[in-house]
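Novice: What follows is a single structure, and I will ask about it in a moment.
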Amino acid sequence: MNTDQSKAILTAVLILTTLLGCGEPSAPPDLYVTGSVAGAALAEYPHDPVMVLIARKADITAIRNDPMNTLAAYVGVEPGSRSFRIDLAASGLGPGDTVFIAAFIDRSPRDRAPYPDTGDIIGFWINPLTFATEYRLSSGDNNLGQIPINREIFDFKAAVSGMVVGNESGDMTVFAYAGPLTSLNLAALDPNLIVGFARLNLTGSPAAYVLPILPYGFNVPIENVRIIALLDVNRNGGPDAGDKIGYFTLAPPFLPAPVTITAGALTGIDIRFLQVLGAP
Amino acid sequence: MRLPAYLTAIALLLLLTAAPAGFDLAKPAQAAEISEHNEDEATAEAENESEDQEDDAEATLLNLKGFIEFQSFLNTYRDQNFTAANKKNELRARMESKIGADDLHLFMAADLSYQFQFWKEGLDKDYRYAADARVKRNLRITSQDFEAAFNELYLNISREGYRLRMGNQIYSWGTADGINATAYFNPYDLREFVFRDDDEFRYGVPSLSAMLFGNDYTLEAVFAPVHIPMQLAPENNFWSLRQDEILYRIHFAESDGINVEPGNFAYGARLSTSLKGNDFSFSAYHGPDREPVLVPEAVKVRPNQPVSVNIEQQYFVVDYIGLDFSRTMGDLVIQGEIAYSPDKPNIIEQNKPFMQVRFPYQVERSSYVSYAVGFNYFIPLHRLLEGHDGESVFTFEWFQSKFFKKGVSQPYLFSDLLTFRYEDTFYRGHIPVSVTTLLSTRNGGRLFRPKIGWDFQNGMSLELSYAGISGEKDVHELLQNSFYYYRNNDLVMMNLRYEY
C-alpha cells in the first residue's frame, strides 16, 4: 500500500469516525417520581402551599443551608388532587440512586420560599419493611403511593447514643419508636410513630451508635420511647429469616425498655440482639 | 406545498434587485411621450419650466430611502435537530422619509418587521416579538409575529440659529461605541441581547427638543413627558432570560413604564463645544431612569414545578450629570464619557441561601457612576498591504458602572465590559469583515463574533456571522448574568439586504 492510499484510507476513517461521533446524544432514561399526599392537616390548612422535596441525603439542615447541592427536586403539589409527578431526568440522578423524600405544608409567611420550618406539618416516605427513609430509584415511574403529612415540626435537638453489644455483622437500622409495643412483629409497627432512625454497618465487634431524634410529630419530652434495631445479616435490603431484632433492655425478662427523650443527649442506651427472625 | 423560508426570501429580494436603486419624487410625474410643440409653445413651456424650478426650493419634497432585509438565526447547540435549531426568520423593511423642505419637514424612520416559523407550532415556536398584541406609548405596534416601530417620527422646524423638533426622537448623546452612559433618554431593545442592529437597538421617545447653534457651541434641551421602558425578550422566546434551577425558576414581569405624570417628566440638556481640537459635551438629566431596577418581588408555588420567583421591572426618577469628549490625533480617535448620579436606586443584596431569602428585595438609592473610555485606530494597512483600499479600524473600549453604597447590589445589565473590534473591507469594498470580542470581567462572560460579507455594490449585500457566547454562574446570586443565561445561544446569523 503506497503513501497516497494510506492517506486516503486514514482520511476516510477520520471522516467516518467524525460522522459517527456526531448527531444527537442519547436521551437520559425516563425517571419520574409520582404519588400523592394525605392527612388531616391538608383540610386544616387548605390554603397553605404543599411542597414535595427530594434530597440527595436526609439532612434537613443541609437542605436549609445548602439547598442547591442537597436538593434534587422541590415542587408544588396539585392543589385539587393532591398528587405530584416529578421529572428527575435533569437532576443528575439515575436508576439505583437513593434519595430522601418529604412533603410538607408550609405555614410560614409568604415573604420567603417554602421551607420545612417550625410550625409546618411534614411527612416522609418510609420503607414499611425496614423503616428506612432512603428510597432507591428505578427507571421509569417510581410510584410512592401516599405520603402522610401528619407531623408538626418542633424546635429541639436531641439524640440517643450507646453501644451495640456483641459481635454482630450486617446492616443495622436503629430507630426510636414512640408508640405502644405489643410485639416485635415489625410489620405491626406504625411508621408514623418512628421519631428517629440511623444506619450502621456492623463488622463483627461492638460498635458505638448515635441516633438523632427528629423534631417531627412529637415535642420533648417524649415518653415511652423504645429503641429498636433491625440487623440485616445477609445484607439483602429486607427482613427475612436469619435477620435479627435488637433493642435496649434493662433486666430480665429482657423486653424493650421505655426511655424518655428530652432535649440534649441521652447516653448509655446499649442495644442487644436477642431475637432472630424465623422462616415464614 | 410551502416554499422553504430561505427560498421565499431570496426570491423576493431577487425581484427587488430589478427595481431602480433609488428615486426622488421632486415634481409631478412627467409624461413619457414628448409631444411636438410649435416654437411659441416650446418657448412658453421653457418659461414655465423655469418658474417650476424656482418653486422647487419651496415645493413639497419627498425623499425616501431604506432597505429590505431578510435575517435568519441558526442555533448551533448540539442537542436539537435542524428544524428546532432555526430560531428566527425575519423580513424587515426600513423606510426613512423626509417630507418637506429643510427648514420645515416631517421626518420618519420606520421599521416594519415580520417573523415566521411556519414549521413550528404552539410552544415549539421560540421567537416572538411580544407576548401579545399591543400599541406601546411611542406608537410601536407589536404582536407575536409582526411589529411596526416608528422610533423617529418628528416635525422639524429649523431657523437661523436654532432648531425645534417634536415627536419620537433618538438622542445620540455620548461618544462611546458601545454603551453610552450619557444617552439618558432612549432605552434599549434587549430582545436579542446585543444582536439588534444599531438602527433598532434603542427606542425613540416622544419628546420636544430644541437646539441652539452658537458660534462655537451647540446647546440641546429636551423635554420628554412620556417614559418608554426598556424591553426584554418575552417568555417562550429564544432570547428569554431563562433560569431553571432545581429550587426555582425566574419569571420577568413586563413593564409599561413609569406613570405619566408631572413628577415623572424627563428633562435634559447638553452643551457641546470644541477646545483646541478636543470635542467636549456637558450634560444633565432629571427623569425616569433608562434602565429598570430588577426586583425579586415574590415567590409563587406551582404544581409539579419548582417555585417561580417573580422579577418586577421598577423604574425610578433619577438625576445625572455627565461629560463626554473625543479627540482626533491623526489616525487615532480617543473618546470617553462619564455619568454620575447621586440617587440611582438598586436592590439591597441578601447573601443568604435561597431558603432564607426574604421577598420582596428592598430597594435603596446610592451614588453611582458609569463611564466608558476607548479609542478607534484607523490602521494604515495600505502601507503594509499593497493595493489595500479598505478602511481598517481597530476599536477598544472599557465600560464600567458601579454603585458606591455598601450593601447595594452592583449593576445587573451592563458592567465591566471590554470590547475589542477589528473592521475592514477588501476587494474594492466587496468584502466587509469584522471581528468583535466582548469580555465581561466581573463574571467571566465572553462573546466572540466574526463577520464576513459580500457587497454586490448595487444595493444588495449578504452578511454571515457567528456568535459564540459563554458565561459562568455565580452560585451566590439569585439572578445570574446575561452571558450565563445565553451560554447555549451560540448562533450562525445570515443577513440578506437590499438598500434603496
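We name chains A, B, ... following the order of the C-alpha cells; residues begin at 1 in each chain, and ligands are numbered from 1 as shown.
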When the cut-off is 9 Å and we count only C-alpha atoms, which residues of chain A are near chain B, given as JSON, numbers by chain?
Specialist: {"A": [22, 23, 24, 25, 49, 50, 51, 52, 63, 64, 65, 66, 67, 68, 71, 72, 73, 74, 75, 76, 77, 78, 79, 83, 84, 85, 86, 87, 91, 110, 111, 112, 113, 114, 115]}
Novice: At a cut-off of 6 Å, using only C-alpha atoms, what residues contact Val492 (chain B)? Leave out same-chain residues fewer than 3 positions from it and give the result as a tab-separated table (two decimals) with N, CA and C atoms, in the first residue's frame.
Specialist:
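For reference, result-v6.tsv as written:
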```tsv
chain	number	residue	atom	x	y	z
B	73	PHE	N	-31.50	33.25	12.02
B	73	PHE	CA	-30.60	32.78	13.07
B	73	PHE	C	-30.66	31.27	13.13
B	74	LEU	N	-29.50	30.65	13.28
B	74	LEU	CA	-29.42	29.20	13.44
B	74	LEU	C	-28.61	28.93	14.69
B	465	SER	N	-22.39	35.74	9.92
B	465	SER	CA	-21.60	35.92	11.13
B	465	SER	C	-21.90	34.78	12.09
B	466	TYR	N	-21.00	34.64	13.04
B	466	TYR	CA	-21.13	33.63	14.08
B	466	TYR	C	-20.98	34.33	15.42
```
Novice: From the DSSP assignment of the backbone, select every residue of region 127-251 of chain B that is strand (DSSP E or B), and format the answer as an MDAnalysis selection string.
Specialist: chainID B and resid 134:135 141:142 146:159 162:169 188:190 202 205:213 217:224 231:232 244 248:251
Novice: For the residues in that selection, give me C-alpha atoms as a PDB file, in the first residue's frame.
Specialist:
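result.pdb was written with the following content:
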```
ATOM      1  CA  ARG B 134     -50.212  45.912  21.919  1.00  0.00           C
ATOM      2  CA  VAL B 135     -49.604  49.510  20.927  1.00  0.00           C
ATOM      3  CA  ILE B 141     -47.295  48.373  17.276  1.00  0.00           C
ATOM      4  CA  THR B 142     -46.234  44.922  18.277  1.00  0.00           C
ATOM      5  CA  PHE B 146     -45.388  41.424  13.443  1.00  0.00           C
ATOM      6  CA  GLU B 147     -44.049  44.758  14.559  1.00  0.00           C
ATOM      7  CA  ALA B 148     -44.170  48.325  13.286  1.00  0.00           C
ATOM      8  CA  ALA B 149     -41.840  50.748  15.021  1.00  0.00           C
ATOM      9  CA  PHE B 150     -41.565  54.476  14.448  1.00  0.00           C
ATOM     10  CA  ASN B 151     -38.516  55.221  16.503  1.00  0.00           C
ATOM     11  CA  GLU B 152     -38.043  58.528  14.704  1.00  0.00           C
ATOM     12  CA  LEU B 153     -41.174  60.403  13.748  1.00  0.00           C
ATOM     13  CA  TYR B 154     -40.936  64.100  14.309  1.00  0.00           C
ATOM     14  CA  LEU B 155     -41.710  67.514  12.941  1.00  0.00           C
ATOM     15  CA  ASN B 156     -38.577  69.559  12.401  1.00  0.00           C
ATOM     16  CA  ILE B 157     -38.536  73.357  12.312  1.00  0.00           C
ATOM     17  CA  SER B 158     -35.164  74.922  11.541  1.00  0.00           C
ATOM     18  CA  ARG B 159     -34.360  78.592  11.537  1.00  0.00           C
ATOM     19  CA  TYR B 162     -31.952  77.154  16.250  1.00  0.00           C
ATOM     20  CA  ARG B 163     -33.931  74.033  15.546  1.00  0.00           C
ATOM     21  CA  LEU B 164     -37.080  72.625  17.103  1.00  0.00           C
ATOM     22  CA  ARG B 165     -38.322  69.073  16.922  1.00  0.00           C
ATOM     23  CA  MET B 166     -41.457  67.436  18.236  1.00  0.00           C
ATOM     24  CA  GLY B 167     -42.224  63.737  18.148  1.00  0.00           C
ATOM     25  CA  ASN B 168     -40.408  60.445  18.534  1.00  0.00           C
ATOM     26  CA  GLN B 169     -36.696  61.122  18.657  1.00  0.00           C
ATOM     27  CA  TYR B 188     -32.508  49.691  24.913  1.00  0.00           C
ATOM     28  CA  ASP B 189     -34.255  46.964  22.990  1.00  0.00           C
ATOM     29  CA  LEU B 190     -32.641  43.907  24.558  1.00  0.00           C
ATOM     30  CA  ARG B 202     -32.723  51.920  21.013  1.00  0.00           C
ATOM     31  CA  VAL B 205     -39.108  58.629  22.902  1.00  0.00           C
ATOM     32  CA  PRO B 206     -41.945  61.117  22.360  1.00  0.00           C
ATOM     33  CA  SER B 207     -40.341  64.428  23.195  1.00  0.00           C
ATOM     34  CA  LEU B 208     -39.799  68.047  22.413  1.00  0.00           C
ATOM     35  CA  SER B 209     -36.262  69.202  21.713  1.00  0.00           C
ATOM     36  CA  ALA B 210     -34.637  72.498  20.945  1.00  0.00           C
ATOM     37  CA  MET B 211     -31.113  73.024  19.694  1.00  0.00           C
ATOM     38  CA  LEU B 212     -29.330  76.367  19.709  1.00  0.00           C
ATOM     39  CA  PHE B 213     -26.358  76.890  17.419  1.00  0.00           C
ATOM     40  CA  TYR B 217     -21.158  75.723  20.852  1.00  0.00           C
ATOM     41  CA  THR B 218     -24.487  73.954  20.499  1.00  0.00           C
ATOM     42  CA  LEU B 219     -26.996  73.619  23.252  1.00  0.00           C
ATOM     43  CA  GLU B 220     -29.707  70.996  23.116  1.00  0.00           C
ATOM     44  CA  ALA B 221     -32.575  70.861  25.568  1.00  0.00           C
ATOM     45  CA  VAL B 222     -35.067  68.031  25.717  1.00  0.00           C
ATOM     46  CA  PHE B 223     -38.406  67.561  27.386  1.00  0.00           C
ATOM     47  CA  ALA B 224     -39.845  64.013  27.389  1.00  0.00           C
ATOM     48  CA  GLN B 231     -37.607  45.753  26.560  1.00  0.00           C
ATOM     49  CA  LEU B 232     -36.510  42.233  27.372  1.00  0.00           C
ATOM     50  CA  ASP B 244     -34.170  26.862  35.521  1.00  0.00           C
ATOM     51  CA  TYR B 248     -36.795  27.987  41.422  1.00  0.00           C
ATOM     52  CA  ARG B 249     -37.441  29.459  38.025  1.00  0.00           C
ATOM     53  CA  ILE B 250     -37.194  33.112  37.228  1.00  0.00           C
ATOM     54  CA  HIS B 251     -40.117  34.965  35.670  1.00  0.00           C
TER      55      HIS B 251
END
```
Novice: Find the residues around Leu418 (chain B) up to 12 Å (only C-alpha atoms counted), leave out those fewer than 2 positions away in its own chain, and share them as a ChimeraX atom specification.
Specialist: /B:177-179,372-374,395-400,414-416,420-421,436-442,444-448
Novice: Create the file for the chosen residues now, containing N, CA and C atoms and written as a PDB file, in the first residue's frame.
Specialist:
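Result file selection00.pdb:
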```pdb
ATOM      1  N   ASP B 177     -18.591  53.811  21.665  1.00  0.00           N
ATOM      2  CA  ASP B 177     -19.071  52.957  20.574  1.00  0.00           C
ATOM      3  C   ASP B 177     -20.074  51.928  21.064  1.00  0.00           C
ATOM      4  N   GLY B 178     -19.993  51.564  22.337  1.00  0.00           N
ATOM      5  CA  GLY B 178     -20.881  50.520  22.861  1.00  0.00           C
ATOM      6  C   GLY B 178     -22.008  51.119  23.677  1.00  0.00           C
ATOM      7  N   ILE B 179     -21.914  50.994  24.995  1.00  0.00           N
ATOM      8  CA  ILE B 179     -22.950  51.500  25.894  1.00  0.00           C
ATOM      9  C   ILE B 179     -22.645  52.969  26.193  1.00  0.00           C
ATOM     10  N   ALA B 372     -17.259  55.139  30.138  1.00  0.00           N
ATOM     11  CA  ALA B 372     -16.666  54.346  29.059  1.00  0.00           C
ATOM     12  C   ALA B 372     -15.486  55.127  28.496  1.00  0.00           C
ATOM     13  N   VAL B 373     -14.391  54.430  28.254  1.00  0.00           N
ATOM     14  CA  VAL B 373     -13.230  55.054  27.609  1.00  0.00           C
ATOM     15  C   VAL B 373     -12.744  54.108  26.528  1.00  0.00           C
ATOM     16  N   GLY B 374     -12.229  54.692  25.468  1.00  0.00           N
ATOM     17  CA  GLY B 374     -11.733  53.827  24.410  1.00  0.00           C
ATOM     18  C   GLY B 374     -11.137  54.634  23.276  1.00  0.00           C
ATOM     19  N   THR B 395     -10.928  49.000  17.269  1.00  0.00           N
ATOM     20  CA  THR B 395     -11.649  49.696  18.325  1.00  0.00           C
ATOM     21  C   THR B 395     -11.419  48.991  19.648  1.00  0.00           C
ATOM     22  N   PHE B 396     -11.137  49.779  20.656  1.00  0.00           N
ATOM     23  CA  PHE B 396     -11.037  49.255  22.017  1.00  0.00           C
ATOM     24  C   PHE B 396     -11.927  50.113  22.908  1.00  0.00           C
ATOM     25  N   GLU B 397     -12.625  49.461  23.835  1.00  0.00           N
ATOM     26  CA  GLU B 397     -13.454  50.218  24.767  1.00  0.00           C
ATOM     27  C   GLU B 397     -13.615  49.458  26.079  1.00  0.00           C
ATOM     28  N   TRP B 398     -13.604  50.222  27.163  1.00  0.00           N
ATOM     29  CA  TRP B 398     -13.832  49.690  28.503  1.00  0.00           C
ATOM     30  C   TRP B 398     -15.018  50.420  29.105  1.00  0.00           C
ATOM     31  N   PHE B 399     -16.012  49.655  29.557  1.00  0.00           N
ATOM     32  CA  PHE B 399     -17.198  50.246  30.168  1.00  0.00           C
ATOM     33  C   PHE B 399     -17.354  49.685  31.562  1.00  0.00           C
ATOM     34  N   GLN B 400     -17.646  50.585  32.508  1.00  0.00           N
ATOM     35  CA  GLN B 400     -17.866  50.131  33.868  1.00  0.00           C
ATOM     36  C   GLN B 400     -18.934  50.975  34.518  1.00  0.00           C
ATOM     37  N   PHE B 414     -25.414  45.870  32.443  1.00  0.00           N
ATOM     38  CA  PHE B 414     -24.135  46.120  31.764  1.00  0.00           C
ATOM     39  C   PHE B 414     -23.134  46.633  32.773  1.00  0.00           C
ATOM     40  N   SER B 415     -22.002  45.971  32.840  1.00  0.00           N
ATOM     41  CA  SER B 415     -20.934  46.489  33.663  1.00  0.00           C
ATOM     42  C   SER B 415     -19.670  45.735  33.388  1.00  0.00           C
ATOM     43  N   ASP B 416     -18.553  46.394  33.589  1.00  0.00           N
ATOM     44  CA  ASP B 416     -17.240  45.765  33.464  1.00  0.00           C
ATOM     45  C   ASP B 416     -17.088  45.037  32.137  1.00  0.00           C
ATOM     46  N   PHE B 420     -13.267  44.618  22.044  1.00  0.00           N
ATOM     47  CA  PHE B 420     -12.224  44.706  21.014  1.00  0.00           C
ATOM     48  C   PHE B 420     -12.902  44.447  19.670  1.00  0.00           C
ATOM     49  N   ARG B 421     -12.604  45.292  18.693  1.00  0.00           N
ATOM     50  CA  ARG B 421     -13.206  45.076  17.384  1.00  0.00           C
ATOM     51  C   ARG B 421     -12.220  45.470  16.299  1.00  0.00           C
ATOM     52  N   THR B 436     -15.378  40.884  16.525  1.00  0.00           N
ATOM     53  CA  THR B 436     -15.677  41.574  17.780  1.00  0.00           C
ATOM     54  C   THR B 436     -15.535  40.597  18.933  1.00  0.00           C
ATOM     55  N   THR B 437     -14.882  41.038  19.975  1.00  0.00           N
ATOM     56  CA  THR B 437     -14.786  40.247  21.204  1.00  0.00           C
ATOM     57  C   THR B 437     -15.275  41.102  22.353  1.00  0.00           C
ATOM     58  N   LEU B 438     -16.202  40.563  23.117  1.00  0.00           N
ATOM     59  CA  LEU B 438     -16.760  41.269  24.270  1.00  0.00           C
ATOM     60  C   LEU B 438     -16.464  40.422  25.499  1.00  0.00           C
ATOM     61  N   LEU B 439     -15.834  41.017  26.490  1.00  0.00           N
ATOM     62  CA  LEU B 439     -15.488  40.282  27.708  1.00  0.00           C
ATOM     63  C   LEU B 439     -16.119  40.969  28.904  1.00  0.00           C
ATOM     64  N   SER B 440     -16.789  40.195  29.728  1.00  0.00           N
ATOM     65  CA  SER B 440     -17.321  40.716  30.971  1.00  0.00           C
ATOM     66  C   SER B 440     -16.368  40.298  32.081  1.00  0.00           C
ATOM     67  N   THR B 441     -15.620  41.257  32.592  1.00  0.00           N
ATOM     68  CA  THR B 441     -14.567  40.892  33.537  1.00  0.00           C
ATOM     69  C   THR B 441     -15.126  40.580  34.919  1.00  0.00           C
ATOM     70  N   ARG B 442     -16.340  40.999  35.205  1.00  0.00           N
ATOM     71  CA  ARG B 442     -16.885  40.770  36.554  1.00  0.00           C
ATOM     72  C   ARG B 442     -17.342  39.327  36.731  1.00  0.00           C
ATOM     73  N   GLY B 444     -16.917  36.763  34.101  1.00  0.00           N
ATOM     74  CA  GLY B 444     -16.337  35.783  33.196  1.00  0.00           C
ATOM     75  C   GLY B 444     -17.103  35.557  31.914  1.00  0.00           C
ATOM     76  N   GLY B 445     -17.980  36.475  31.527  1.00  0.00           N
ATOM     77  CA  GLY B 445     -18.738  36.298  30.294  1.00  0.00           C
ATOM     78  C   GLY B 445     -17.897  36.634  29.072  1.00  0.00           C
ATOM     79  N   ARG B 446     -18.162  35.927  27.966  1.00  0.00           N
ATOM     80  CA  ARG B 446     -17.390  36.158  26.739  1.00  0.00           C
ATOM     81  C   ARG B 446     -18.317  36.055  25.548  1.00  0.00           C
ATOM     82  N   LEU B 447     -18.076  36.930  24.586  1.00  0.00           N
ATOM     83  CA  LEU B 447     -18.816  36.896  23.325  1.00  0.00           C
ATOM     84  C   LEU B 447     -17.808  37.087  22.214  1.00  0.00           C
ATOM     85  N   PHE B 448     -17.795  36.177  21.258  1.00  0.00           N
ATOM     86  CA  PHE B 448     -16.876  36.259  20.122  1.00  0.00           C
ATOM     87  C   PHE B 448     -17.707  36.258  18.861  1.00  0.00           C
TER      88      PHE B 448
END
```
Novice: So which residues touch region 225-228 of chain A within 6 Å, counting only C-alpha atoms, skipping near sequence neighbours fewer than 6 positions away, as JSON, numbers by chain?
Specialist: {"A": [174, 175, 176, 177, 178, 246, 247, 248, 258, 259]}
Novice: Can those selected residues be exported to a file as a PDB file, in the first residue's frame so that it contains N, CA and C atoms?
Specialist:
```
ATOM      1  N   VAL A 174     -31.367   1.320  63.249  1.00  0.00           N
ATOM      2  CA  VAL A 174     -31.853   1.520  64.612  1.00  0.00           C
ATOM      3  C   VAL A 174     -32.848   2.663  64.584  1.00  0.00           C
ATOM      4  N   PHE A 175     -33.957   2.501  65.286  1.00  0.00           N
ATOM      5  CA  PHE A 175     -34.955   3.566  65.278  1.00  0.00           C
ATOM      6  C   PHE A 175     -35.584   3.700  66.654  1.00  0.00           C
ATOM      7  N   ALA A 176     -36.104   4.887  66.875  1.00  0.00           N
ATOM      8  CA  ALA A 176     -36.808   5.191  68.125  1.00  0.00           C
ATOM      9  C   ALA A 176     -38.291   5.139  67.842  1.00  0.00           C
ATOM     10  N   TYR A 177     -39.007   4.370  68.635  1.00  0.00           N
ATOM     11  CA  TYR A 177     -40.440   4.148  68.369  1.00  0.00           C
ATOM     12  C   TYR A 177     -41.227   4.707  69.532  1.00  0.00           C
ATOM     13  N   ALA A 178     -42.161   5.629  69.250  1.00  0.00           N
ATOM     14  CA  ALA A 178     -42.866   6.339  70.324  1.00  0.00           C
ATOM     15  C   ALA A 178     -44.273   5.827  70.545  1.00  0.00           C
ATOM     16  N   GLY A 246     -32.965  -6.324  67.651  1.00  0.00           N
ATOM     17  CA  GLY A 246     -32.343  -5.942  68.918  1.00  0.00           C
ATOM     18  C   GLY A 246     -33.056  -4.757  69.515  1.00  0.00           C
ATOM     19  N   TYR A 247     -32.733  -4.476  70.788  1.00  0.00           N
ATOM     20  CA  TYR A 247     -33.377  -3.334  71.435  1.00  0.00           C
ATOM     21  C   TYR A 247     -32.646  -3.014  72.726  1.00  0.00           C
ATOM     22  N   PHE A 248     -33.019  -1.919  73.302  1.00  0.00           N
ATOM     23  CA  PHE A 248     -32.487  -1.529  74.617  1.00  0.00           C
ATOM     24  C   PHE A 248     -33.340  -2.219  75.676  1.00  0.00           C
ATOM     25  N   PRO A 258     -38.717   1.181  77.967  1.00  0.00           N
ATOM     26  CA  PRO A 258     -39.031   2.538  77.514  1.00  0.00           C
ATOM     27  C   PRO A 258     -38.053   3.541  78.088  1.00  0.00           C
ATOM     28  N   VAL A 259     -37.795   4.592  77.325  1.00  0.00           N
ATOM     29  CA  VAL A 259     -36.976   5.715  77.779  1.00  0.00           C
ATOM     30  C   VAL A 259     -37.758   6.993  77.506  1.00  0.00           C
TER      31      VAL A 259
END
```
Novice: Please return as JSON, numbers by chain: the residues of region 265-476 of chain B that backbone DSSP assigns to helix (DSSP H, G or I).
Specialist: {"B": [354, 355, 356, 381, 382, 383]}
Novice: Tell me which of A:Val195, A:Ala43, A:Leu211, A:Ala90 sits closest to Leu31 (chain A), counting only C-alpha atoms.
Specialist: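 Checking each candidate against Leu31 (chain A), we get A:Ala90 as the closest.
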Novice: Name the closest residue to Gly92 (chain A) among the candidates A:Asp48, A:Asp155, A:Asp120, A:Asp30; distances are taken between atoms, counting only C-alpha atoms.
Specialist: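 Among the listed residues, A:Asp30 lies closest to Gly92 (chain A).
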Novice: Do a neighbour search on Leu200 (chain A) at 8 Å with only C-alpha atoms, toss out local chain neighbours closer than 6 positions, and write the hits as a PyMOL selection string.
Specialist: chain A and resi 171-174+209
Novice: Please measure the separation of CA of Gly330 (chain B) and CA of Thr425 (chain B), giving the value in Å to one decimal.
Specialist: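 Going from CA of Gly330 (chain B) over to CA of Thr425 (chain B) covers 20.5 Å.
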Novice: Which residues are near Leu464 (chain B)? Cut-off 8 Å, only C-alpha atoms, ignore same chain within fewer than 2 positions. Put them as a VMD selection string.
Specialist: chain B and resid 451 to 453 462 466 492 to 495
Novice: Please save C-alpha atoms of the selected residues as an mmCIF file, in the first residue's frame.
Specialist:
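Contents of selection_2.cif, as written:
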```cif
data_model
loop_
_atom_site.group_PDB
_atom_site.id
_atom_site.type_symbol
_atom_site.label_atom_id
_atom_site.label_comp_id
_atom_site.auth_asym_id
_atom_site.auth_seq_id
_atom_site.Cartn_x
_atom_site.Cartn_y
_atom_site.Cartn_z
ATOM 1 C CA LYS B 451 -18.463 38.553 10.500
ATOM 2 C CA ILE B 452 -17.914 38.479 6.759
ATOM 3 C CA GLY B 453 -19.997 39.710 3.886
ATOM 4 C CA LEU B 462 -25.037 39.417 2.120
ATOM 5 C CA TYR B 466 -21.132 33.625 14.083
ATOM 6 C CA VAL B 492 -24.862 31.466 12.946
ATOM 7 C CA MET B 493 -26.569 34.548 11.507
ATOM 8 C CA MET B 494 -27.376 35.427 7.930
ATOM 9 C CA ASN B 495 -28.443 38.846 6.656
#
```
Novice: Can you list, as a list in words, every protein, DNA or RNA residue that comes within 10 Å of region 137-142 of chain A when you count only C-alpha atoms, leaving out same-chain residues fewer than 2 positions away?
Specialist: Pro29, Asp30, Leu31, Tyr32, Val33, Thr34, Gly35, Arg85, Ile86, Asp87, Ala89, Leu93, Gly94, Pro95, Gly96, Asp97, Thr98, Val99, Glu134, Tyr135, Leu144 and Gly145 of chain A
Novice: How far is it from CA of Ile431 (chain B) to CA of Phe67 (chain B), in Å with one decimal?
Specialist: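 Computed distance, CA of Ile431 (chain B) to CA of Phe67 (chain B), equals 19.2 Å.
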Novice: I'd like the interatomic distance between CA of Gly214 (chain B) and CA of Gly161 (chain B), to a tenth of an Å.
Specialist: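 The value is 6.9 Å.
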Novice: Return the single residue from B:Asp343, B:Glu312, B:Glu200, B:Asp279 that is closest to Phe325 (chain B), with distances computed using only C-alpha atoms.
Specialist: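 Among the listed residues, the smallest separation from Phe325 (chain B) belongs to B:Asp279.
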